[in-house]
$ cat protein37.txt   # compact mmCIF, C-alpha atoms and all ligand atoms
# COMPACT_ATOMS: atom_id res chain seq x y z
CA MET V 83 3.95 -34.79 67.37
CA ASN V 84 4.59 -37.25 70.16
CA PRO V 85 1.73 -38.68 72.22
CA PHE V 86 3.37 -38.01 75.63
CA ASN V 87 3.26 -35.32 78.22
CA ARG V 88 7.04 -35.16 78.03
CA PHE V 89 9.54 -33.54 75.70
CA VAL V 90 11.21 -36.25 73.62
CA VAL V 91 14.36 -35.72 71.57
CA GLY V 92 15.30 -38.21 68.83
CA LEU V 93 19.06 -38.76 68.62
CA THR V 94 20.10 -40.31 65.36
CA GLY V 95 22.86 -40.62 62.80
CA GLY V 96 24.29 -43.26 60.48
CA ILE V 97 26.60 -46.09 61.51
CA GLY V 98 29.73 -44.78 63.21
CA SER V 99 28.51 -41.17 63.28
CA GLY V 100 28.98 -40.88 67.05
CA LYS V 101 25.46 -41.36 68.51
CA SER V 102 26.57 -43.61 71.37
CA THR V 103 29.46 -41.27 72.17
CA ALA V 104 27.05 -38.30 72.27
CA ALA V 105 24.46 -40.29 74.27
CA LYS V 106 27.12 -41.16 76.85
CA TYR V 107 27.88 -37.44 77.33
CA PHE V 108 24.16 -36.60 77.59
CA GLU V 109 23.78 -39.30 80.26
CA LYS V 110 26.73 -37.90 82.22
CA LEU V 111 24.93 -34.55 82.27
CA GLY V 112 21.87 -36.25 83.77
CA ALA V 113 19.72 -36.86 80.69
CA LYS V 114 17.45 -39.89 80.47
CA VAL V 115 18.50 -41.95 77.44
CA ILE V 116 16.41 -44.72 75.92
CA ASN V 117 18.38 -46.81 73.44
CA ALA V 118 16.11 -48.23 70.72
CA ASP V 119 18.71 -50.90 69.86
CA VAL V 120 18.71 -52.19 73.43
CA VAL V 121 14.89 -52.21 73.48
CA ALA V 122 14.93 -54.12 70.17
CA ARG V 123 17.42 -56.68 71.51
CA ASP V 124 15.40 -57.18 74.72
CA SER V 125 12.21 -57.70 72.71
CA VAL V 126 13.63 -60.95 71.27
CA SER V 127 15.22 -62.26 74.47
CA SER V 128 15.02 -66.00 75.22
CA GLY V 129 11.49 -67.07 76.08
CA SER V 130 9.84 -63.90 74.72
CA GLN V 131 6.62 -64.11 72.70
CA ALA V 132 8.38 -62.41 69.77
CA LEU V 133 11.18 -65.00 69.72
CA LEU V 134 8.62 -67.84 69.79
CA LYS V 135 6.93 -66.34 66.72
CA ILE V 136 10.31 -65.95 64.98
CA ILE V 137 11.10 -69.63 65.64
CA GLN V 138 7.66 -70.68 64.32
CA HIS V 139 8.29 -68.64 61.17
CA PHE V 140 11.96 -69.37 60.39
CA GLY V 141 12.39 -72.72 62.15
CA GLU V 142 14.66 -73.91 64.97
CA LYS V 143 17.75 -73.08 62.90
CA ILE V 144 17.28 -69.42 63.89
CA VAL V 145 18.31 -70.09 67.53
CA ASP V 146 21.53 -71.52 68.97
CA LYS V 147 21.77 -74.56 71.27
CA LYS V 148 20.87 -72.42 74.28
CA GLY V 149 17.73 -71.11 72.57
CA LYS V 150 19.20 -67.66 71.95
CA LEU V 151 18.41 -65.84 68.71
CA ASP V 152 21.19 -66.16 66.12
CA ARG V 153 21.23 -62.53 65.03
CA SER V 154 23.76 -62.90 62.24
CA LYS V 155 21.73 -65.75 60.69
CA LEU V 156 18.58 -63.63 60.89
CA ARG V 157 20.39 -60.62 59.38
CA GLU V 158 21.64 -62.85 56.55
CA ILE V 159 18.12 -64.13 55.78
CA ILE V 160 16.47 -60.70 55.71
CA PHE V 161 19.34 -58.82 54.04
CA ASP V 162 18.22 -59.52 50.47
CA ASN V 163 14.71 -60.81 51.14
CA SER V 164 12.33 -57.88 51.42
CA SER V 165 9.22 -59.92 52.24
CA GLU V 166 10.94 -61.66 55.18
CA LYS V 167 12.30 -58.28 56.30
CA LEU V 168 8.80 -56.84 56.20
CA TRP V 169 7.41 -59.81 58.15
CA LEU V 170 10.00 -59.26 60.87
CA GLU V 171 9.43 -55.50 60.97
CA ASN V 172 5.65 -55.97 61.26
CA LEU V 173 6.22 -58.27 64.21
CA LEU V 174 8.86 -56.26 66.07
CA HIS V 175 8.14 -52.57 65.42
CA PRO V 176 4.87 -52.42 67.42
CA ILE V 177 6.48 -54.35 70.34
CA ILE V 178 9.50 -52.03 70.36
CA ARG V 179 7.25 -48.97 70.10
CA GLU V 180 5.13 -50.07 73.09
CA LYS V 181 8.21 -50.61 75.25
CA ILE V 182 9.64 -47.22 74.28
CA ILE V 183 6.31 -45.57 75.17
CA LEU V 184 6.39 -47.32 78.56
CA ASP V 185 9.95 -46.14 79.22
CA ILE V 186 9.12 -42.57 78.19
CA ASN V 187 6.06 -42.50 80.44
CA ASN V 188 8.14 -43.78 83.36
CA ALA V 189 10.76 -41.04 83.02
CA SER V 190 10.86 -38.18 85.51
CA GLU V 191 13.54 -36.05 83.82
CA SER V 192 12.61 -32.79 82.03
CA TYR V 193 13.25 -34.43 78.67
CA VAL V 194 13.93 -37.88 77.27
CA LEU V 195 16.45 -38.74 74.58
CA LEU V 196 15.52 -41.57 72.23
CA GLU V 197 18.76 -42.87 70.69
CA SER V 198 17.96 -44.73 67.50
CA PRO V 199 20.12 -45.43 64.44
CA LEU V 200 16.99 -45.98 62.35
CA LEU V 201 14.79 -43.25 63.82
CA PHE V 202 13.43 -42.17 60.41
CA GLU V 203 13.55 -45.57 58.74
CA THR V 204 11.33 -47.12 61.45
CA ASN V 205 9.00 -44.11 61.82
CA GLN V 206 10.15 -43.60 65.41
CA HIS V 207 10.61 -39.91 64.54
CA LYS V 208 6.82 -39.64 64.88
CA MET V 209 7.24 -40.22 68.64
CA VAL V 210 9.59 -37.27 69.17
CA ASN V 211 9.32 -33.48 69.34
CA VAL V 212 12.68 -32.64 67.79
CA VAL V 213 15.54 -34.56 66.19
CA LEU V 214 19.25 -34.08 66.81
CA LEU V 215 21.34 -35.61 64.04
CA ILE V 216 24.96 -36.53 64.73
CA ASP V 217 26.51 -35.90 61.37
CA VAL V 218 29.76 -36.87 59.65
CA PRO V 219 30.54 -37.48 55.97
CA GLU V 220 30.41 -41.07 54.73
CA GLU V 221 34.21 -41.36 54.48
CA LEU V 222 34.54 -40.64 58.21
CA GLN V 223 31.72 -43.07 59.06
CA VAL V 224 33.65 -45.78 57.20
CA ILE V 225 36.95 -44.98 58.94
CA ARG V 226 35.54 -44.76 62.47
CA ALA V 227 33.11 -47.69 62.23
CA SER V 228 35.61 -50.05 60.59
CA GLN V 229 38.22 -49.22 63.25
CA ARG V 230 35.68 -49.72 66.04
CA ASP V 231 34.20 -52.97 64.69
CA LYS V 232 37.45 -54.34 63.22
CA SER V 233 35.58 -54.78 59.94
CA THR V 234 36.41 -53.87 56.36
CA SER V 235 35.44 -50.61 54.61
CA ASN V 236 33.24 -52.61 52.25
CA GLU V 237 31.26 -54.14 55.10
CA ILE V 238 30.57 -50.68 56.53
CA LYS V 239 29.70 -49.27 53.09
CA LYS V 240 27.18 -52.10 52.65
CA ILE V 241 25.46 -51.15 55.91
CA ILE V 242 25.48 -47.44 55.00
CA LYS V 243 23.61 -48.35 51.79
CA THR V 244 20.78 -49.89 53.85
CA GLN V 245 20.36 -46.65 55.86
CA MET V 246 18.63 -43.43 54.79
CA PRO V 247 21.01 -41.17 52.83
CA ARG V 248 22.76 -38.50 54.90
CA SER V 249 21.31 -35.62 52.83
CA GLU V 250 17.74 -36.76 53.57
CA LYS V 251 18.45 -37.14 57.29
CA ILE V 252 19.84 -33.59 57.38
CA LYS V 253 16.65 -32.29 55.76
CA LEU V 254 14.40 -34.11 58.25
CA SER V 255 16.35 -33.15 61.40
CA THR V 256 15.71 -30.13 63.64
CA TYR V 257 19.34 -29.81 64.77
CA VAL V 258 22.56 -31.10 63.24
CA ALA V 259 25.72 -31.63 65.33
CA ASP V 260 28.90 -31.76 63.27
CA ASN V 261 31.07 -34.59 64.66
CA THR V 262 34.01 -34.25 62.30
CA LYS V 263 36.25 -32.69 64.94
CA SER V 264 37.49 -34.07 68.27
CA GLU V 265 35.43 -35.91 70.89
CA ASP V 266 36.00 -32.88 73.10
CA ASP V 267 34.30 -30.74 70.50
CA LEU V 268 31.34 -33.14 70.45
CA LYS V 269 31.20 -32.95 74.24
CA LYS V 270 30.89 -29.14 74.06
CA GLN V 271 28.04 -29.41 71.56
CA VAL V 272 26.27 -31.95 73.78
CA LYS V 273 26.56 -29.54 76.72
CA TYR V 274 24.92 -26.83 74.61
CA TYR V 275 22.09 -29.11 73.46
CA HIS V 276 21.50 -30.53 76.95
CA LYS V 277 20.87 -27.00 78.23
CA LYS V 278 18.61 -26.25 75.29
CA PHE V 279 16.58 -29.48 75.61
CA SER V 280 16.28 -29.10 79.40
CA GLU V 281 14.76 -25.65 78.89
CA LEU V 282 12.48 -26.81 76.10
CA GLY V 283 11.45 -29.78 78.26
CA ARG V 284 10.63 -27.62 81.27
CA ASN V 285 8.51 -25.27 79.13
CA PHE V 286 6.80 -28.26 77.51
CA CYS V 287 5.85 -29.82 80.87
CA ASN V 288 4.47 -26.50 82.13
CA LEU V 289 2.12 -26.11 79.17
P1 LIG L 301 26.52 -47.22 65.51
O1 LIG L 301 25.28 -46.71 64.87
O2 LIG L 301 27.29 -48.10 64.61
O3 LIG L 301 26.29 -47.83 66.86
P2 LIG L 301 27.41 -44.67 66.60
O4 LIG L 301 26.76 -43.62 65.82
O5 LIG L 301 26.82 -44.98 67.96
O6 LIG L 301 27.53 -45.97 65.72
P3 LIG L 301 29.92 -44.37 68.02
O7 LIG L 301 30.07 -45.80 68.41
O8 LIG L 301 29.53 -43.38 69.06
O9 LIG L 301 28.94 -44.25 66.76
O10 LIG L 301 31.24 -43.83 67.31
C1 LIG L 301 31.91 -44.60 66.33
C2 LIG L 301 33.40 -44.65 66.65
O11 LIG L 301 33.94 -43.36 66.45
C3 LIG L 301 33.71 -45.02 68.10
O12 LIG L 301 34.85 -45.81 68.13
C4 LIG L 301 33.94 -43.66 68.76
O13 LIG L 301 34.81 -43.76 69.87
C5 LIG L 301 34.55 -42.87 67.63
N1 LIG L 301 34.26 -41.42 67.68
C6 LIG L 301 33.07 -40.83 67.89
N2 LIG L 301 33.19 -39.48 67.84
C7 LIG L 301 34.48 -39.23 67.56
C8 LIG L 301 35.24 -38.02 67.36
N3 LIG L 301 34.68 -36.81 67.42
N4 LIG L 301 36.55 -38.15 67.09
C9 LIG L 301 37.14 -39.38 67.01
N5 LIG L 301 36.49 -40.55 67.18
C10 LIG L 301 35.17 -40.47 67.45
$ encode --input "protein37.txt" --output "structure tokens"
Amino acid sequence: MNPFNRFVVGLTGGIGSGKSTAAKYFEKLGAKVINADVVARDSVSSGSQALLKIIQHFGEKIVDKKGKLDRSKLREIIFDNSSEKLWLENLLHPIIREKIILDINNASESYVLLESPLLFETNQHKMVNVVLLIDVPEELQVIRASQRDKSTSNEIKKIIKTQMPRSEKIKLSTYVADNTKSEDDLKKQVKYYHKKFSELGRNFCNL
């Protein structure tokens, strides 16, 4: 259960499943959306304490000439090095968590949506009351994500392998939105869930 006096919904799904598309519709309906990826990116901005520690650990090669974190280099290093990955996670996860808590506590809406591709993998699901999974089969993830990112199917498949399997995510989620149909169909589902979460949020705050 989450530690806040506010109803928090985790919005998750694998790469290319349609989380950002769904989040955009939720926002249009007036929902407060916190994007865990954006929080993570901000936590290693130039001059941050976290970036200084990363430079101390990996060396100056991890930043570009302007002192900005070279994300692809960092991804490369941790991709097949589990101890470096763990080091980075131990540094960043508590910082990201604290910032998310701050953002949730500052919200005034009846519920807050925490959009996170790795909600389960990073234990962020422990901060939420319910989870909405945006779900599509792997083949569709590959098609949509490779078209969006102009990358190859193999590159997307490699990323999918690093994420929790779809079947496990379905088991752990409270609600599952099927995003195999049109974006209009997804929009309708978002409308339904926004109403549901608004009601749940109002009841939660009145407890
Ligand atoms: P990531 O985790 O990689 O950020 P995501 O889950 O946020 O991915 P989106 O970026 O929302 O996924 O969607 C992936 C691509 O699929 C986008 O180009 C989006 O426009 C498209 N898309 C999403 N939903 C649909 C749909 N129902 N029909 C067709 N295309 C869709």
$ closest_residue --input "protein37.txt" --among "V:Thr234, V:Thr262, V:Gln245, V:Asn188" --to "Gly95 of chain V" --atoms "only C-alpha atoms"
V:Gln245
$ closest_residue --input "protein37.txt" --among "V:Cys287, V:Ile225, V:Leu93, V:Val212" --to "Ala118 of chain V" --atoms "all atoms listed in the file"
V:Leu93
$ residues_near_ligand --input "protein37.txt" --ligand "ligand LIG 301 (chain L)" --cutoff "10 Å" --atoms "all atoms listed in the file" --output "ChimeraX atom specification"
/V:93-106,119,197-200,215-218,222-231,238,241-242,260-269
$ residues_near_point --input "protein37.txt" --point "(11.1, -35.9, 81.6)" --cutoff "9 Å" --atoms "all atoms listed in the file" --output "PDB file with C-alpha atoms, keeping the file's coordinate frame"
ATOM      1  CA  ASN V  87       3.260 -35.320  78.220  1.00  0.00           C
ATOM      2  CA  ARG V  88       7.040 -35.160  78.030  1.00  0.00           C
ATOM      3  CA  PHE V  89       9.540 -33.540  75.700  1.00  0.00           C
ATOM      4  CA  VAL V  90      11.210 -36.250  73.620  1.00  0.00           C
ATOM      5  CA  ALA V 113      19.720 -36.860  80.690  1.00  0.00           C
ATOM      6  CA  LYS V 114      17.450 -39.890  80.470  1.00  0.00           C
ATOM      7  CA  ILE V 186       9.120 -42.570  78.190  1.00  0.00           C
ATOM      8  CA  ASN V 187       6.060 -42.500  80.440  1.00  0.00           C
ATOM      9  CA  ASN V 188       8.140 -43.780  83.360  1.00  0.00           C
ATOM     10  CA  ALA V 189      10.760 -41.040  83.020  1.00  0.00           C
ATOM     11  CA  SER V 190      10.860 -38.180  85.510  1.00  0.00           C
ATOM     12  CA  GLU V 191      13.540 -36.050  83.820  1.00  0.00           C
ATOM     13  CA  SER V 192      12.610 -32.790  82.030  1.00  0.00           C
ATOM     14  CA  TYR V 193      13.250 -34.430  78.670  1.00  0.00           C
ATOM     15  CA  VAL V 194      13.930 -37.880  77.270  1.00  0.00           C
ATOM     16  CA  SER V 280      16.280 -29.100  79.400  1.00  0.00           C
ATOM     17  CA  GLY V 283      11.450 -29.780  78.260  1.00  0.00           C
ATOM     18  CA  ARG V 284      10.630 -27.620  81.270  1.00  0.00           C
ATOM     19  CA  CYS V 287       5.850 -29.820  80.870  1.00  0.00           C
TER      20      CYS V 287
END
$ atom_distance --input "protein37.txt" --atom1 "atom CA of Arg157 of chain V" --atom2 "atom CA of Lys251 of chain V"
23.7 Å
$ residues_near_point --input "protein37.txt" --point "(6.8, -65.6, 68.4)" --cutoff "12 Å" --atoms "only C-alpha atoms" --output "list of chain:residue names"
V:Ser125, V:Val126, V:Ser127, V:Ser128, V:Gly129, V:Ser130, V:Gln131, V:Ala132, V:Leu133, V:Leu134, V:Lys135, V:Ile136, V:Ile137, V:Gln138, V:His139, V:Phe140, V:Gly141, V:Glu142, V:Leu151, V:Trp169, V:Leu170, V:Leu173, V:Leu174, V:Ile177
$ write_last_selection --input "protein37.txt" --atoms "C-alpha atoms" --output "short mmCIF file (atom, residue, chain, number, x, y, z; two decimals), in the frame of the given file"
data_model
loop_
_atom_site.label_atom_id
_atom_site.label_comp_id
_atom_site.auth_asym_id
_atom_site.auth_seq_id
_atom_site.Cartn_x
_atom_site.Cartn_y
_atom_site.Cartn_z
CA SER V 125 12.21 -57.70 72.71
CA VAL V 126 13.63 -60.95 71.27
CA SER V 127 15.22 -62.26 74.47
CA SER V 128 15.02 -66.00 75.22
CA GLY V 129 11.49 -67.07 76.08
CA SER V 130 9.84 -63.90 74.72
CA GLN V 131 6.62 -64.11 72.70
CA ALA V 132 8.38 -62.41 69.77
CA LEU V 133 11.18 -65.00 69.72
CA LEU V 134 8.62 -67.84 69.79
CA LYS V 135 6.93 -66.34 66.72
CA ILE V 136 10.31 -65.95 64.98
CA ILE V 137 11.10 -69.63 65.64
CA GLN V 138 7.66 -70.68 64.32
CA HIS V 139 8.29 -68.64 61.17
CA PHE V 140 11.96 -69.37 60.39
CA GLY V 141 12.39 -72.72 62.15
CA GLU V 142 14.66 -73.91 64.97
CA LEU V 151 18.41 -65.84 68.71
CA TRP V 169 7.41 -59.81 58.15
CA LEU V 170 10.00 -59.26 60.87
CA LEU V 173 6.22 -58.27 64.21
CA LEU V 174 8.86 -56.26 66.07
CA ILE V 177 6.48 -54.35 70.34
#
$ atom_distance --input "protein37.txt" --atom1 "atom CA of Val145 of chain V" --atom2 "atom CA of Asn172 of chain V"
20.0 Å
$ atom_distance --input "protein37.txt" --atom1 "atom CA of Ile182 of chain V" --atom2 "atom CA of Pro219 of chain V"
29.4 Å
$ closest_residue --input "protein37.txt" --among "V:Thr256, V:Asn163, V:Ile144, V:His175" --to "Val210 of chain V" --atoms "all atoms listed in the file"
V:Thr256
$ axis_aligned_box --input "protein37.txt" --around "segment 152-156 of chain V" --padding-each-side "3 Å" --output "JSON"
{"center_x": 21.2, "center_y": -64.3, "center_z": 63.4, "size_x": 11.2, "size_y": 9.6, "size_z": 11.4}
$ closest_residue --input "protein37.txt" --among "V:Thr244, V:Ser249, V:Ser255, V:Asn285" --to "Ser164 of chain V" --atoms "all atoms listed in the file"
V:Thr244
